[in-house]
Structures are given as structure tokens and as C-alpha cells.
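S.K.: For reference, the file run-v7.pdb (PDB, C-alpha atoms) is included below:
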```
MODEL        1
ATOM      1  CA  MET A 799      25.371 -17.951  -8.464  1.00  0.00           C
ATOM      2  CA  ASP A 800      23.019 -20.763  -7.379  1.00  0.00           C
ATOM      3  CA  SER A 801      24.383 -20.453  -3.827  1.00  0.00           C
ATOM      4  CA  GLY A 802      23.187 -16.872  -3.439  1.00  0.00           C
ATOM      5  CA  ALA A 803      25.747 -14.716  -5.253  1.00  0.00           C
ATOM      6  CA  ASP A 804      24.311 -12.007  -7.474  1.00  0.00           C
ATOM      7  CA  ASP A 805      27.513 -10.679  -9.018  1.00  0.00           C
ATOM      8  CA  TYR A 806      30.791 -12.059 -10.301  1.00  0.00           C
ATOM      9  CA  MET A 807      33.976 -10.547 -11.680  1.00  0.00           C
ATOM     10  CA  VAL A 808      36.475 -12.402 -13.816  1.00  0.00           C
ATOM     11  CA  LYS A 809      40.195 -11.793 -13.452  1.00  0.00           C
ATOM     12  CA  PRO A 810      41.907  -9.648 -14.428  1.00  0.00           C
ATOM     13  CA  PHE A 811      39.617  -6.771 -13.498  1.00  0.00           C
ATOM     14  CA  SER A 812      40.169  -3.069 -13.057  1.00  0.00           C
ATOM     15  CA  ILE A 813      40.138  -1.514  -9.604  1.00  0.00           C
ATOM     16  CA  GLY A 814      37.776   1.162 -10.955  1.00  0.00           C
ATOM     17  CA  GLU A 815      35.216  -1.463 -11.989  1.00  0.00           C
ATOM     18  CA  MET A 816      35.489  -3.235  -8.641  1.00  0.00           C
ATOM     19  CA  LEU A 817      34.986   0.023  -6.715  1.00  0.00           C
ATOM     20  CA  ALA A 818      31.994   0.921  -8.902  1.00  0.00           C
ATOM     21  CA  ARG A 819      30.421  -2.477  -8.157  1.00  0.00           C
ATOM     22  CA  VAL A 820      31.041  -2.065  -4.412  1.00  0.00           C
ATOM     23  CA  ARG A 821      29.418   1.394  -4.477  1.00  0.00           C
ATOM     24  CA  ALA A 822      26.433  -0.092  -6.330  1.00  0.00           C
ATOM     25  CA  LEU A 823      26.082  -2.785  -3.655  1.00  0.00           C
ATOM     26  CA  ILE A 824      26.207  -0.187  -0.887  1.00  0.00           C
ATOM     27  CA  ARG A 825      23.432   1.809  -2.583  1.00  0.00           C
ATOM     28  CA  ARG A 826      21.100  -1.182  -2.696  1.00  0.00           C
ATOM     29  CA  PRO A 827      18.334  -1.107  -0.126  1.00  0.00           C
ATOM     30  CA  HIS A 828      18.970  -3.568   2.664  1.00  0.00           C
ATOM     31  CA  PRO A 829      15.812  -5.191   3.982  1.00  0.00           C
ATOM     32  CA  ILE A 830      15.494  -4.861   7.724  1.00  0.00           C
ATOM     33  CA  THR A 831      14.793  -8.286   9.157  1.00  0.00           C
ATOM     34  CA  GLU A 832      14.897  -7.166  12.779  1.00  0.00           C
ATOM     35  CA  LYS A 833      11.550  -6.017  14.107  1.00  0.00           C
ATOM     36  CA  ILE A 834      13.076  -3.986  16.941  1.00  0.00           C
ATOM     37  CA  LEU A 835      16.236  -1.963  16.451  1.00  0.00           C
ATOM     38  CA  THR A 836      18.053  -0.996  19.631  1.00  0.00           C
ATOM     39  CA  SER A 837      20.834   1.353  20.604  1.00  0.00           C
ATOM     40  CA  HIS A 838      21.558   1.600  24.325  1.00  0.00           C
ATOM     41  CA  ASP A 839      18.179   2.495  25.884  1.00  0.00           C
ATOM     42  CA  LEU A 840      16.547   3.496  22.575  1.00  0.00           C
ATOM     43  CA  GLU A 841      14.177   1.051  20.861  1.00  0.00           C
ATOM     44  CA  LEU A 842      12.569   1.431  17.451  1.00  0.00           C
ATOM     45  CA  ASN A 843       9.848  -1.018  16.452  1.00  0.00           C
ATOM     46  CA  THR A 844       9.762  -1.355  12.643  1.00  0.00           C
ATOM     47  CA  VAL A 845       6.370  -3.096  12.718  1.00  0.00           C
ATOM     48  CA  THR A 846       4.360  -0.841  15.028  1.00  0.00           C
ATOM     49  CA  PHE A 847       6.378   2.339  14.253  1.00  0.00           C
ATOM     50  CA  GLU A 848       6.853   2.988  17.955  1.00  0.00           C
ATOM     51  CA  VAL A 849       9.963   4.556  19.472  1.00  0.00           C
ATOM     52  CA  ARG A 850      10.845   4.246  23.141  1.00  0.00           C
ATOM     53  CA  ARG A 851      13.703   5.555  25.241  1.00  0.00           C
ATOM     54  CA  SER A 852      14.113   4.085  28.707  1.00  0.00           C
ATOM     55  CA  GLY A 853      10.596   2.678  28.285  1.00  0.00           C
ATOM     56  CA  GLN A 854       9.043   6.082  27.578  1.00  0.00           C
ATOM     57  CA  ALA A 855       7.203   6.481  24.264  1.00  0.00           C
ATOM     58  CA  ILE A 856       8.511   9.159  21.908  1.00  0.00           C
ATOM     59  CA  LYS A 857       6.273  10.653  19.247  1.00  0.00           C
ATOM     60  CA  LEU A 858       8.003  11.223  15.921  1.00  0.00           C
ATOM     61  CA  SER A 859       6.811  12.442  12.553  1.00  0.00           C
ATOM     62  CA  ARG A 860       7.012   9.975   9.661  1.00  0.00           C
ATOM     63  CA  LYS A 861      10.177  11.624   8.337  1.00  0.00           C
ATOM     64  CA  GLU A 862      11.802  11.693  11.795  1.00  0.00           C
ATOM     65  CA  PHE A 863      10.988   8.002  12.217  1.00  0.00           C
ATOM     66  CA  LEU A 864      12.503   7.116   8.826  1.00  0.00           C
ATOM     67  CA  ILE A 865      15.678   9.095   9.558  1.00  0.00           C
ATOM     68  CA  LEU A 866      16.053   7.467  12.979  1.00  0.00           C
ATOM     69  CA  LYS A 867      15.444   4.021  11.474  1.00  0.00           C
ATOM     70  CA  HIS A 868      18.131   4.631   8.842  1.00  0.00           C
ATOM     71  CA  LEU A 869      20.597   5.855  11.475  1.00  0.00           C
ATOM     72  CA  MET A 870      19.890   2.948  13.811  1.00  0.00           C
ATOM     73  CA  PHE A 871      20.128   0.387  11.016  1.00  0.00           C
ATOM     74  CA  ARG A 872      23.541   1.827  10.113  1.00  0.00           C
ATOM     75  CA  LYS A 873      24.632   2.582  13.683  1.00  0.00           C
ATOM     76  CA  ASN A 874      28.144   1.235  13.088  1.00  0.00           C
ATOM     77  CA  TYR A 875      28.692   3.320   9.953  1.00  0.00           C
ATOM     78  CA  ILE A 876      29.191   6.969   9.128  1.00  0.00           C
ATOM     79  CA  VAL A 877      26.037   8.366   7.512  1.00  0.00           C
ATOM     80  CA  THR A 878      26.460  11.502   5.447  1.00  0.00           C
ATOM     81  CA  LYS A 879      23.946  14.281   4.958  1.00  0.00           C
ATOM     82  CA  GLU A 880      23.730  13.316   1.269  1.00  0.00           C
ATOM     83  CA  GLN A 881      22.824   9.730   2.186  1.00  0.00           C
ATOM     84  CA  LEU A 882      20.044  10.964   4.463  1.00  0.00           C
ATOM     85  CA  ILE A 883      18.689  13.249   1.753  1.00  0.00           C
ATOM     86  CA  LYS A 884      18.502  10.294  -0.674  1.00  0.00           C
TER      87      LYS A 884
ENDMDL
END
```
Rewrite the structure of this file - the entire thing - as C-alpha cells.

M.R.:
Amino acid sequence: MDSGADDYMVKPFSIGEMLARVRALIRRPHPITEKILTSHDLELNTVTFEVRRSGQAIKLSRKEFLILKHLMFRKNYIVTKEQLIK
């Protein structure tokens, strides 16, 4: 725990409990440490709230920006409609 862990399970444990703990970890907000998120030629600046594609500025509403940020932060994962609504 002193080395950075924030959860621990003793053996034997139930698979149901382990899955519930994993789901809880996935639901936790993950702080974005990168200032600029990129995907191909799309850049999203989390500090200045600017979005650019091929160097061209794109104007987005606050909600559009937040959705794009969420999608870009999780670009290697499947994001469901329910997750976006949350």
C-alpha cells in the first residue's frame, strides 16, 4: 500500500468480487496528464481547449469538446453510448 497500491484482495476471493472491483477501478476518473492528445492529424489541447485537424482550428461547443476529449483519451478502447452519457 505504501508503494502506491490502493486496493488489495486476500486469497481465496470470489470471481464476482474481483470483477466488481475491476469495474469500480474502470469507473474511476483518470486524470489526463498529457496536455495535447493526438490521433493521426487531430490534436486536442487540454489546457487551451483548442482542437486542430491538419493544423486548421476547429470550433467545438463545450460538450463536443468534452466528448472528443473522452474519446481521444480512450482511443484504444470501445466507448459505449452509456459511458458517454455518464

S.K.: To one decimal in Å, tell me the separation between CA of Ser812 in chain A and CA of Glu880 in chain A.

M.R.: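 Separation of CA of Ser812 in chain A and CA of Glu880 in chain A: 27.3 Å.
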
S.K.: Can you list what the PyMOL selection byres ((chain A and resi 844-849) around 12) grabs from this structure, as a VMD selection string?

M.R.: chain A and resid 829 to 837 839 to 843 850 to 864 866 to 868 870 to 871

S.K.: May I ask for the distance between CA of Pro827 in chain A and CA of Gly802 in chain A, given in Å to one decimal place?

M.R.: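 A separation of 16.8 Å between them.
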
S.K.: Rank nothing, just name the residue among A:Ile876, A:Leu823, A:Leu817, A:Leu869 nearest to Asp804 in chain A, using only C-alpha atoms.

M.R.: A:Leu823

S.K.: Report, in Å to a single decimal, how far apart CA of Ile824 in chain A and CA of Leu882 in chain A are.

M.R.: 13.8 Å
